[in-house]
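Accompanying notes for the structure given below.
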Amino acid sequence: MRINLIHEGAKFLEYEIRQIVEHAYKMREMGKDIIWENIGDPIAMKEEVEPWIKEIVQDLVADSASWGYCPTRGILATREFLAHQVNVRENGVQVTPDDIIFFNGVADAIDKVYELAHRNARILLPTPVYSTHSSNESKRGGYQSLQFRLDPKNQWLPDMDEVRNIIRYNPQISGIGLVNPDNPTGIVYPREILEEFVEIARQNDLFLVVDETYSHICYNGAKTLHLSQVAHDVPAIALRGISKEYPWPGARCAWMEILNKNKDENFSTYIDSILNAKMLEVCATTLPQLSIPKVFGSPRYPEHLKKRAGIFEKRANEAYDLFRQVDGIWCHRPQGAFYFSVVFDDHVFHPNQKLRIESPQLRKFVDQLCENAPGDKRFVYNLLGSKGICVVPLSGFATDKMGFRVTMLNRDDEKRKQIFTDITEAMREFLNS
């Protein structure tokens with residue numbers, strides 16, 4: 001081409017959650033049956049949406065209004081409903097319907113948050129972190145994201161002194177991003193930690209952005225705590241959606257709750273730019289927006305959430321009780337979302353570690369993948385070739401920690417326990433080979 005077409009941040013566009021699938025497909029062509037434990041799609045794992053939720057959506061399909069465009073911010077009645085939900089939260093920030101903006105999925109909203117910030121304004125993120133956040137942050141300016149560590153040896157909690165020091169010595173930081181409950185670690189940030197982030201933001205004139213995709217999937221003693229309940233007077237953005245709650249990932253329906261927009265003129269203009277960018281796309285999908293007041297407002301919905309949280313608590317504890325028996329790894333009992341992350345100890349890897357793979361063709365392919373690959377990817381590739389279980393290497397979540405993330409979505413109790421057992425045995429075999 002006569003000029004370079006490639007965006008300087010293109011090299012940071014990584015999404016290991018789906019990239020691992022390409023290798024799994026090739027192994028499937030070689031005759032290996034694959035168990036997909038890489039992506040958080042409850043529907044793909046055969047979770048049945050409650051019949052009463054389906055009935056609401058079916059009725060809306062018959063409404064001609066669900067087939068058209070909607071206002072750029074979203075359906076007014078739905079935004080009024082959601083604003084009321086925010087405003088009745090205990091000690092919460094008060095918002096108006098205009099502080100709610102709809103997007104085509106949380107990923108679309110995340111993209112706008114990072115894309116519309118000035119290229120030299122950095123958003124501090126945790127590590128590990130959901131790769132849609134880290135890739136978008138890095139893509140904007142063509143640099144590695146600035147990160148604070150989540151410590152697997154301390155229940156994945158951050159060192160708040162480290163957070164303060166990073167901000168102190170990097171004056172270009174303009175915001176702090178979190179995922180709560182967290183993907184991939186399963187941590188639910190306790191109130192005191194969230195309050196501390198808010199105070200750090202206040203003291204340093206920063207804004208907060210918290211991805212609350214899994215906010216209503218909390219268990220093992222953790223409780224849902226929305227950003228609006230702790231943000232006080234700090235400008236902030238909360239991201240929410242229905243993909244994991246109904247669950248309806250194919251709806252691509254999410255929204256921003258804009259908190260304290262008018263507390264800072266610069267932040268207010270930034271939010272206006274996000275809205276203007278959405279206008280260029282016309283609007284988000286209409287049908288799922290129409291369903292939200294009817295589903296969220298149903299007296300059956302709280303029990304629906306409680307039931308699902310109980311299911312994931314059981315599965316999380318089932319995995320924890322098996323994985324924690326393996327020497328050479330760290331894991332923490334999850335408290336939210338539906339993922340389990342395992343971290344390998346430092347210095348447990350060496351280049352000759354392998355799992356038994358009977359097929360010579362598969363063995364050769366896995367060995368090729370493992371050439372010059374980090375330790376956690378070598379384990380993941382061997383697990384695919386040996387057991388047919390597709391998990392995501394933890395290094396795919398913008399971290400130097402070596403490990404993997406597995407979902408807790410399989411509904412078949414016997415099969416799920418066998419998957420966790422096979423992974424446990426594979427860890428032992430690989431580390432001792």
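Going through the structure tokens in order, the chains are called A, B, and so on, while each chain numbers its residues from 1 and the ligands are numbered from 1 in the order shown.
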Apply DSSP to the backbone of this structure and, from segment 269-346 of chain A, keep only the residues in alpha helix (DSSP H); write these as a PDB file with N, CA, C and O atoms, in the first residue's frame.
```
ATOM      1  N   THR A 269     -17.684  16.436  29.229  1.00  0.00           N
ATOM      2  CA  THR A 269     -17.446  16.518  27.788  1.00  0.00           C
ATOM      3  C   THR A 269     -17.046  15.162  27.224  1.00  0.00           C
ATOM      4  O   THR A 269     -17.451  14.782  26.115  1.00  0.00           O
ATOM      5  N   TYR A 270     -16.261  14.416  27.979  1.00  0.00           N
ATOM      6  CA  TYR A 270     -15.859  13.054  27.594  1.00  0.00           C
ATOM      7  C   TYR A 270     -17.099  12.162  27.428  1.00  0.00           C
ATOM      8  O   TYR A 270     -17.235  11.435  26.425  1.00  0.00           O
ATOM      9  N   ILE A 271     -18.026  12.229  28.374  1.00  0.00           N
ATOM     10  CA  ILE A 271     -19.249  11.432  28.280  1.00  0.00           C
ATOM     11  C   ILE A 271     -20.074  11.867  27.069  1.00  0.00           C
ATOM     12  O   ILE A 271     -20.646  11.029  26.349  1.00  0.00           O
ATOM     13  N   ASP A 272     -20.137  13.160  26.819  1.00  0.00           N
ATOM     14  CA  ASP A 272     -20.857  13.645  25.639  1.00  0.00           C
ATOM     15  C   ASP A 272     -20.257  13.075  24.358  1.00  0.00           C
ATOM     16  O   ASP A 272     -20.977  12.769  23.401  1.00  0.00           O
ATOM     17  N   SER A 273     -18.931  12.922  24.329  1.00  0.00           N
ATOM     18  CA  SER A 273     -18.291  12.364  23.139  1.00  0.00           C
ATOM     19  C   SER A 273     -18.669  10.898  22.954  1.00  0.00           C
ATOM     20  O   SER A 273     -18.812  10.424  21.814  1.00  0.00           O
ATOM     21  N   ILE A 274     -18.838  10.174  24.049  1.00  0.00           N
ATOM     22  CA  ILE A 274     -19.279   8.785  23.970  1.00  0.00           C
ATOM     23  C   ILE A 274     -20.685   8.716  23.388  1.00  0.00           C
ATOM     24  O   ILE A 274     -20.988   7.884  22.514  1.00  0.00           O
ATOM     25  N   LEU A 275     -21.570   9.602  23.860  1.00  0.00           N
ATOM     26  CA  LEU A 275     -22.933   9.641  23.343  1.00  0.00           C
ATOM     27  C   LEU A 275     -22.931  10.007  21.854  1.00  0.00           C
ATOM     28  O   LEU A 275     -23.655   9.399  21.054  1.00  0.00           O
ATOM     29  N   ASN A 276     -22.119  10.984  21.469  1.00  0.00           N
ATOM     30  CA  ASN A 276     -22.058  11.387  20.067  1.00  0.00           C
ATOM     31  C   ASN A 276     -21.559  10.249  19.182  1.00  0.00           C
ATOM     32  O   ASN A 276     -22.030  10.065  18.055  1.00  0.00           O
ATOM     33  N   ALA A 277     -20.603   9.481  19.695  1.00  0.00           N
ATOM     34  CA  ALA A 277     -20.108   8.329  18.939  1.00  0.00           C
ATOM     35  C   ALA A 277     -21.211   7.295  18.761  1.00  0.00           C
ATOM     36  O   ALA A 277     -21.321   6.659  17.702  1.00  0.00           O
ATOM     37  N   LYS A 278     -22.042   7.134  19.801  1.00  0.00           N
ATOM     38  CA  LYS A 278     -23.159   6.196  19.683  1.00  0.00           C
ATOM     39  C   LYS A 278     -24.177   6.688  18.666  1.00  0.00           C
ATOM     40  O   LYS A 278     -24.793   5.880  17.950  1.00  0.00           O
ATOM     41  N   MET A 279     -24.353   7.995  18.556  1.00  0.00           N
ATOM     42  CA  MET A 279     -25.276   8.544  17.558  1.00  0.00           C
ATOM     43  C   MET A 279     -24.856   8.149  16.150  1.00  0.00           C
ATOM     44  O   MET A 279     -25.706   7.920  15.280  1.00  0.00           O
ATOM     45  N   LEU A 280     -23.554   8.064  15.908  1.00  0.00           N
ATOM     46  CA  LEU A 280     -23.070   7.669  14.587  1.00  0.00           C
ATOM     47  C   LEU A 280     -23.484   6.236  14.256  1.00  0.00           C
ATOM     48  O   LEU A 280     -23.576   5.868  13.076  1.00  0.00           O
ATOM     49  N   LEU A 287     -35.254  -4.701  20.941  1.00  0.00           N
ATOM     50  CA  LEU A 287     -36.021  -5.764  21.592  1.00  0.00           C
ATOM     51  C   LEU A 287     -35.553  -6.084  23.011  1.00  0.00           C
ATOM     52  O   LEU A 287     -36.362  -6.079  23.948  1.00  0.00           O
ATOM     53  N   PRO A 288     -34.259  -6.369  23.230  1.00  0.00           N
ATOM     54  CA  PRO A 288     -33.844  -6.704  24.598  1.00  0.00           C
ATOM     55  C   PRO A 288     -34.040  -5.567  25.585  1.00  0.00           C
ATOM     56  O   PRO A 288     -34.317  -5.813  26.767  1.00  0.00           O
ATOM     57  N   GLN A 289     -33.906  -4.312  25.124  1.00  0.00           N
ATOM     58  CA  GLN A 289     -34.152  -3.183  26.026  1.00  0.00           C
ATOM     59  C   GLN A 289     -35.585  -3.197  26.542  1.00  0.00           C
ATOM     60  O   GLN A 289     -35.845  -2.937  27.721  1.00  0.00           O
ATOM     61  N   LEU A 290     -36.524  -3.487  25.647  1.00  0.00           N
ATOM     62  CA  LEU A 290     -37.927  -3.513  26.032  1.00  0.00           C
ATOM     63  C   LEU A 290     -38.217  -4.578  27.084  1.00  0.00           C
ATOM     64  O   LEU A 290     -39.149  -4.452  27.885  1.00  0.00           O
ATOM     65  N   SER A 291     -37.400  -5.631  27.094  1.00  0.00           N
ATOM     66  CA  SER A 291     -37.655  -6.730  28.031  1.00  0.00           C
ATOM     67  C   SER A 291     -37.200  -6.430  29.450  1.00  0.00           C
ATOM     68  O   SER A 291     -37.674  -7.056  30.406  1.00  0.00           O
ATOM     69  N   ILE A 292     -36.272  -5.485  29.610  1.00  0.00           N
ATOM     70  CA  ILE A 292     -35.621  -5.297  30.911  1.00  0.00           C
ATOM     71  C   ILE A 292     -36.595  -4.920  32.032  1.00  0.00           C
ATOM     72  O   ILE A 292     -36.583  -5.560  33.098  1.00  0.00           O
ATOM     73  N   PRO A 293     -37.465  -3.923  31.872  1.00  0.00           N
ATOM     74  CA  PRO A 293     -38.391  -3.618  32.976  1.00  0.00           C
ATOM     75  C   PRO A 293     -39.299  -4.794  33.319  1.00  0.00           C
ATOM     76  O   PRO A 293     -39.635  -5.004  34.498  1.00  0.00           O
ATOM     77  N   LYS A 294     -39.678  -5.566  32.308  1.00  0.00           N
ATOM     78  CA  LYS A 294     -40.578  -6.688  32.543  1.00  0.00           C
ATOM     79  C   LYS A 294     -39.875  -7.841  33.259  1.00  0.00           C
ATOM     80  O   LYS A 294     -40.466  -8.492  34.122  1.00  0.00           O
ATOM     81  N   VAL A 295     -38.619  -8.085  32.909  1.00  0.00           N
ATOM     82  CA  VAL A 295     -37.870  -9.179  33.550  1.00  0.00           C
ATOM     83  C   VAL A 295     -37.335  -8.743  34.909  1.00  0.00           C
ATOM     84  O   VAL A 295     -37.581  -9.404  35.923  1.00  0.00           O
ATOM     85  N   PHE A 296     -36.588  -7.631  34.939  1.00  0.00           N
ATOM     86  CA  PHE A 296     -36.042  -7.153  36.210  1.00  0.00           C
ATOM     87  C   PHE A 296     -37.158  -6.834  37.200  1.00  0.00           C
ATOM     88  O   PHE A 296     -36.982  -6.986  38.414  1.00  0.00           O
ATOM     89  N   TYR A 301     -37.860 -12.563  39.511  1.00  0.00           N
ATOM     90  CA  TYR A 301     -36.457 -12.347  39.146  1.00  0.00           C
ATOM     91  C   TYR A 301     -35.488 -12.508  40.321  1.00  0.00           C
ATOM     92  O   TYR A 301     -34.433 -13.144  40.164  1.00  0.00           O
ATOM     93  N   PRO A 302     -35.782 -11.964  41.513  1.00  0.00           N
ATOM     94  CA  PRO A 302     -34.852 -12.170  42.637  1.00  0.00           C
ATOM     95  C   PRO A 302     -34.590 -13.642  42.931  1.00  0.00           C
ATOM     96  O   PRO A 302     -33.446 -14.034  43.210  1.00  0.00           O
ATOM     97  N   GLU A 303     -35.631 -14.459  42.861  1.00  0.00           N
ATOM     98  CA  GLU A 303     -35.442 -15.889  43.106  1.00  0.00           C
ATOM     99  C   GLU A 303     -34.618 -16.524  41.997  1.00  0.00           C
ATOM    100  O   GLU A 303     -33.805 -17.432  42.243  1.00  0.00           O
ATOM    101  N   HIS A 304     -34.813 -16.052  40.772  1.00  0.00           N
ATOM    102  CA  HIS A 304     -34.020 -16.519  39.631  1.00  0.00           C
ATOM    103  C   HIS A 304     -32.533 -16.267  39.879  1.00  0.00           C
ATOM    104  O   HIS A 304     -31.691 -17.153  39.686  1.00  0.00           O
ATOM    105  N   LEU A 305     -32.197 -15.049  40.329  1.00  0.00           N
ATOM    106  CA  LEU A 305     -30.798 -14.710  40.604  1.00  0.00           C
ATOM    107  C   LEU A 305     -30.242 -15.537  41.758  1.00  0.00           C
ATOM    108  O   LEU A 305     -29.103 -16.018  41.709  1.00  0.00           O
ATOM    109  N   LYS A 306     -31.041 -15.688  42.808  1.00  0.00           N
ATOM    110  CA  LYS A 306     -30.611 -16.458  43.982  1.00  0.00           C
ATOM    111  C   LYS A 306     -30.327 -17.913  43.609  1.00  0.00           C
ATOM    112  O   LYS A 306     -29.322 -18.506  44.040  1.00  0.00           O
ATOM    113  N   LYS A 307     -31.203 -18.475  42.796  1.00  0.00           N
ATOM    114  CA  LYS A 307     -31.042 -19.869  42.385  1.00  0.00           C
ATOM    115  C   LYS A 307     -29.753 -20.053  41.589  1.00  0.00           C
ATOM    116  O   LYS A 307     -28.981 -20.984  41.848  1.00  0.00           O
ATOM    117  N   ARG A 308     -29.491 -19.153  40.637  1.00  0.00           N
ATOM    118  CA  ARG A 308     -28.301 -19.292  39.811  1.00  0.00           C
ATOM    119  C   ARG A 308     -27.030 -19.079  40.638  1.00  0.00           C
ATOM    120  O   ARG A 308     -26.029 -19.774  40.443  1.00  0.00           O
ATOM    121  N   ALA A 309     -27.055 -18.125  41.563  1.00  0.00           N
ATOM    122  CA  ALA A 309     -25.880 -17.911  42.419  1.00  0.00           C
ATOM    123  C   ALA A 309     -25.575 -19.166  43.227  1.00  0.00           C
ATOM    124  O   ALA A 309     -24.406 -19.543  43.394  1.00  0.00           O
ATOM    125  N   GLY A 310     -26.623 -19.832  43.716  1.00  0.00           N
ATOM    126  CA  GLY A 310     -26.434 -21.071  44.478  1.00  0.00           C
ATOM    127  C   GLY A 310     -25.821 -22.172  43.633  1.00  0.00           C
ATOM    128  O   GLY A 310     -24.980 -22.951  44.111  1.00  0.00           O
ATOM    129  N   ILE A 311     -26.239 -22.233  42.381  1.00  0.00           N
ATOM    130  CA  ILE A 311     -25.684 -23.238  41.468  1.00  0.00           C
ATOM    131  C   ILE A 311     -24.186 -23.009  41.262  1.00  0.00           C
ATOM    132  O   ILE A 311     -23.378 -23.943  41.336  1.00  0.00           O
ATOM    133  N   PHE A 312     -23.809 -21.763  41.018  1.00  0.00           N
ATOM    134  CA  PHE A 312     -22.396 -21.479  40.762  1.00  0.00           C
ATOM    135  C   PHE A 312     -21.549 -21.608  42.030  1.00  0.00           C
ATOM    136  O   PHE A 312     -20.373 -21.949  41.964  1.00  0.00           O
ATOM    137  N   GLU A 313     -22.142 -21.344  43.181  1.00  0.00           N
ATOM    138  CA  GLU A 313     -21.417 -21.568  44.441  1.00  0.00           C
ATOM    139  C   GLU A 313     -21.061 -23.031  44.591  1.00  0.00           C
ATOM    140  O   GLU A 313     -19.920 -23.380  44.932  1.00  0.00           O
ATOM    141  N   LYS A 314     -22.009 -23.906  44.331  1.00  0.00           N
ATOM    142  CA  LYS A 314     -21.758 -25.347  44.433  1.00  0.00           C
ATOM    143  C   LYS A 314     -20.638 -25.769  43.483  1.00  0.00           C
ATOM    144  O   LYS A 314     -19.724 -26.514  43.856  1.00  0.00           O
ATOM    145  N   ARG A 315     -20.679 -25.275  42.245  1.00  0.00           N
ATOM    146  CA  ARG A 315     -19.678 -25.662  41.257  1.00  0.00           C
ATOM    147  C   ARG A 315     -18.305 -25.093  41.604  1.00  0.00           C
ATOM    148  O   ARG A 315     -17.279 -25.757  41.410  1.00  0.00           O
ATOM    149  N   ALA A 316     -18.287 -23.857  42.105  1.00  0.00           N
ATOM    150  CA  ALA A 316     -17.013 -23.237  42.489  1.00  0.00           C
ATOM    151  C   ALA A 316     -16.350 -24.037  43.600  1.00  0.00           C
ATOM    152  O   ALA A 316     -15.133 -24.279  43.576  1.00  0.00           O
ATOM    153  N   ASN A 317     -17.125 -24.442  44.583  1.00  0.00           N
ATOM    154  CA  ASN A 317     -16.573 -25.197  45.706  1.00  0.00           C
ATOM    155  C   ASN A 317     -16.140 -26.592  45.278  1.00  0.00           C
ATOM    156  O   ASN A 317     -15.150 -27.136  45.789  1.00  0.00           O
ATOM    157  N   GLU A 318     -16.874 -27.159  44.344  1.00  0.00           N
ATOM    158  CA  GLU A 318     -16.517 -28.462  43.796  1.00  0.00           C
ATOM    159  C   GLU A 318     -15.143 -28.403  43.125  1.00  0.00           C
ATOM    160  O   GLU A 318     -14.287 -29.268  43.358  1.00  0.00           O
ATOM    161  N   ALA A 319     -14.932 -27.372  42.303  1.00  0.00           N
ATOM    162  CA  ALA A 319     -13.643 -27.220  41.629  1.00  0.00           C
ATOM    163  C   ALA A 319     -12.530 -26.926  42.634  1.00  0.00           C
ATOM    164  O   ALA A 319     -11.428 -27.482  42.545  1.00  0.00           O
ATOM    165  N   TYR A 320     -12.819 -26.044  43.585  1.00  0.00           N
ATOM    166  CA  TYR A 320     -11.807 -25.653  44.580  1.00  0.00           C
ATOM    167  C   TYR A 320     -11.346 -26.862  45.386  1.00  0.00           C
ATOM    168  O   TYR A 320     -10.138 -27.040  45.618  1.00  0.00           O
ATOM    169  N   ASP A 321     -12.285 -27.703  45.800  1.00  0.00           N
ATOM    170  CA  ASP A 321     -11.930 -28.862  46.622  1.00  0.00           C
ATOM    171  C   ASP A 321     -11.020 -29.830  45.882  1.00  0.00           C
ATOM    172  O   ASP A 321     -10.214 -30.529  46.510  1.00  0.00           O
ATOM    173  N   LEU A 322     -11.107 -29.863  44.564  1.00  0.00           N
ATOM    174  CA  LEU A 322     -10.223 -30.720  43.771  1.00  0.00           C
ATOM    175  C   LEU A 322      -8.898 -30.030  43.463  1.00  0.00           C
ATOM    176  O   LEU A 322      -7.828 -30.583  43.724  1.00  0.00           O
ATOM    177  N   PHE A 323      -8.954 -28.822  42.941  1.00  0.00           N
ATOM    178  CA  PHE A 323      -7.735 -28.148  42.477  1.00  0.00           C
ATOM    179  C   PHE A 323      -6.759 -27.861  43.614  1.00  0.00           C
ATOM    180  O   PHE A 323      -5.538 -27.930  43.429  1.00  0.00           O
TER     181      PHE A 323
END
```
Distance table requested - segment 382-418 of chain A against segment 324-339 of chain A, cut-off 9 Å, only C-alpha atoms: one row per qualifying residue with the closest atom pair and its distance in Å to one decimal, ordered by chain and rising residue number, as JSON lines.
```
{"residue": "A:Gly403", "atom": "CA", "partner": "A:Ile329", "partner_atom": "CA", "distance": 8.4}
{"residue": "A:Arg405", "atom": "CA", "partner": "A:Tyr339", "partner_atom": "CA", "distance": 6.6}
{"residue": "A:Val406", "atom": "CA", "partner": "A:Tyr339", "partner_atom": "CA", "distance": 5.8}
{"residue": "A:Thr407", "atom": "CA", "partner": "A:Tyr339", "partner_atom": "CA", "distance": 4.5}
{"residue": "A:Met408", "atom": "CA", "partner": "A:Phe338", "partner_atom": "CA", "distance": 5.3}
{"residue": "A:Leu409", "atom": "CA", "partner": "A:Phe338", "partner_atom": "CA", "distance": 6.9}
```
Go ahead and dump the residues you just picked, N, CA, C and O atoms, as a PDB file, in the first residue's frame.
```pdb
ATOM      1  N   GLY A 403      -0.952 -19.613  34.399  1.00  0.00           N
ATOM      2  CA  GLY A 403      -2.045 -20.418  34.924  1.00  0.00           C
ATOM      3  C   GLY A 403      -3.084 -20.641  33.845  1.00  0.00           C
ATOM      4  O   GLY A 403      -2.797 -20.631  32.656  1.00  0.00           O
ATOM      5  N   ARG A 405      -7.719 -20.378  33.080  1.00  0.00           N
ATOM      6  CA  ARG A 405      -9.084 -20.110  33.529  1.00  0.00           C
ATOM      7  C   ARG A 405     -10.014 -21.132  32.915  1.00  0.00           C
ATOM      8  O   ARG A 405      -9.964 -21.398  31.720  1.00  0.00           O
ATOM      9  N   VAL A 406     -10.873 -21.702  33.761  1.00  0.00           N
ATOM     10  CA  VAL A 406     -11.875 -22.658  33.307  1.00  0.00           C
ATOM     11  C   VAL A 406     -13.249 -22.136  33.706  1.00  0.00           C
ATOM     12  O   VAL A 406     -13.378 -21.432  34.713  1.00  0.00           O
ATOM     13  N   THR A 407     -14.269 -22.436  32.910  1.00  0.00           N
ATOM     14  CA  THR A 407     -15.622 -22.001  33.272  1.00  0.00           C
ATOM     15  C   THR A 407     -16.254 -22.999  34.234  1.00  0.00           C
ATOM     16  O   THR A 407     -15.774 -24.117  34.424  1.00  0.00           O
ATOM     17  N   MET A 408     -17.363 -22.580  34.824  1.00  0.00           N
ATOM     18  CA  MET A 408     -18.153 -23.460  35.702  1.00  0.00           C
ATOM     19  C   MET A 408     -19.581 -23.553  35.167  1.00  0.00           C
ATOM     20  O   MET A 408     -20.550 -23.495  35.912  1.00  0.00           O
ATOM     21  N   LEU A 409     -19.698 -23.714  33.859  1.00  0.00           N
ATOM     22  CA  LEU A 409     -21.005 -23.634  33.200  1.00  0.00           C
ATOM     23  C   LEU A 409     -21.602 -24.981  32.828  1.00  0.00           C
ATOM     24  O   LEU A 409     -22.793 -25.046  32.502  1.00  0.00           O
TER      25      LEU A 409
END
```
Where in segment 250-411 of chain A does DSSP assign strand (DSSP E or B), given as a compact mmCIF listing (two decimals) with C-alpha atoms, in the first residue's frame?
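As written to disk, selection19.txt reads:
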```txt
# COMPACT_ATOMS: atom_id res chain seq x y z
CA ALA A 254 -25.73 -3.47 27.84
CA TRP A 255 -25.72 0.01 29.31
CA MET A 256 -23.62 2.58 31.10
CA GLU A 257 -24.67 4.19 34.35
CA ILE A 258 -23.01 7.60 34.31
CA LEU A 259 -22.36 8.78 37.88
CA ILE A 329 -0.42 -24.20 42.26
CA TRP A 330 -2.38 -21.39 43.92
CA CYS A 331 -6.13 -21.04 43.76
CA GLY A 336 -18.60 -14.26 41.87
CA TYR A 339 -14.89 -18.75 36.25
CA PHE A 340 -12.12 -20.44 38.18
CA SER A 341 -8.50 -19.34 37.78
CA VAL A 342 -5.48 -21.40 38.80
CA VAL A 343 -1.94 -19.96 39.08
CA PHE A 344 1.16 -22.14 38.85
CA ILE A 389 -10.48 -29.89 27.43
CA CYS A 390 -10.26 -26.33 26.09
CA VAL A 392 -7.75 -20.34 28.49
CA PRO A 393 -4.12 -19.69 29.50
CA GLY A 403 -2.05 -20.42 34.92
CA PHE A 404 -5.40 -21.02 33.29
CA ARG A 405 -9.08 -20.11 33.53
CA VAL A 406 -11.87 -22.66 33.31
CA THR A 407 -15.62 -22.00 33.27
```
Inset, instruction - Pick out the residues sitting within 12 Å of Gln85 of chain A, and hand them over as a list in words; count only C-alpha atoms, and ignore anything fewer than 2 positions along from it in its own chain. - result: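 Counting only C-alpha atoms, the residues come to Thr78, Arg79, Glu80, Phe81, Leu82, Ala83, Asn87, Val88, Arg89, Glu90, Gly92, Val93, Gln94, Val95, Thr96, Pro97, Ile100, His226, Ser228, Gln229, Glu257, Ile292, Pro293, Phe296 and Gly297 of chain A.
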Legend entry - Best match for closeness to Ile20 of chain A among A:Leu125, A:Ile242, A:Leu194, A:Leu383, counting only C-alpha atoms: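 Between A:Leu125, A:Ile242, A:Leu194, A:Leu383, the residue approaching Ile20 of chain A most closely is A:Leu383.
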Inset, instruction - State, in Å with one decimal place, the distance from atom CA of Phe420 of chain A to atom CA of Pro158 of chain A. - result: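 Spanning atom CA of Phe420 of chain A to atom CA of Pro158 of chain A is a straight-line distance of 27.6 Å.
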Inset, instruction - Pick out the residues sitting within 7 Å of segment 170-184 of chain A, and hand them over as number ranges by chain; count only C-alpha atoms, and ignore anything fewer than 6 positions along from it in its own chain. - result: A: 120-126, 129-130, 206-212, 214-215, 336-337, 339, 341, 405
Only C-alpha atoms, please: the residues just picked out, written as a JSON list (two decimals), in the first residue's frame.
```json
[["chain", "number", "residue", "atom", "x", "y", "z"],
["A", 120, "ASN", "CA", -2.27, 10.10, 26.25],
["A", 121, "ALA", "CA", -4.76, 9.67, 29.10],
["A", 122, "ARG", "CA", -4.08, 6.31, 30.74],
["A", 123, "ILE", "CA", -6.60, 4.13, 32.56],
["A", 124, "LEU", "CA", -4.98, 2.02, 35.27],
["A", 125, "LEU", "CA", -6.13, -1.61, 35.20],
["A", 126, "PRO", "CA", -5.62, -4.71, 37.35],
["A", 129, "VAL", "CA", -7.81, -8.50, 33.66],
["A", 130, "TYR", "CA", -10.47, -9.33, 31.10],
["A", 206, "LEU", "CA", -9.47, 10.56, 38.50],
["A", 207, "PHE", "CA", -12.61, 8.85, 37.27],
["A", 208, "LEU", "CA", -13.61, 5.23, 37.84],
["A", 209, "VAL", "CA", -14.97, 2.68, 35.39],
["A", 210, "VAL", "CA", -16.28, -0.59, 36.80],
["A", 211, "ASP", "CA", -17.48, -3.47, 34.66],
["A", 212, "GLU", "CA", -20.43, -4.93, 36.61],
["A", 214, "TYR", "CA", -21.56, -10.24, 36.83],
["A", 215, "SER", "CA", -22.84, -7.99, 39.62],
["A", 336, "GLY", "CA", -18.60, -14.26, 41.87],
["A", 337, "ALA", "CA", -19.06, -14.77, 38.12],
["A", 339, "TYR", "CA", -14.89, -18.75, 36.25],
["A", 341, "SER", "CA", -8.50, -19.34, 37.78],
["A", 405, "ARG", "CA", -9.08, -20.11, 33.53]]
```
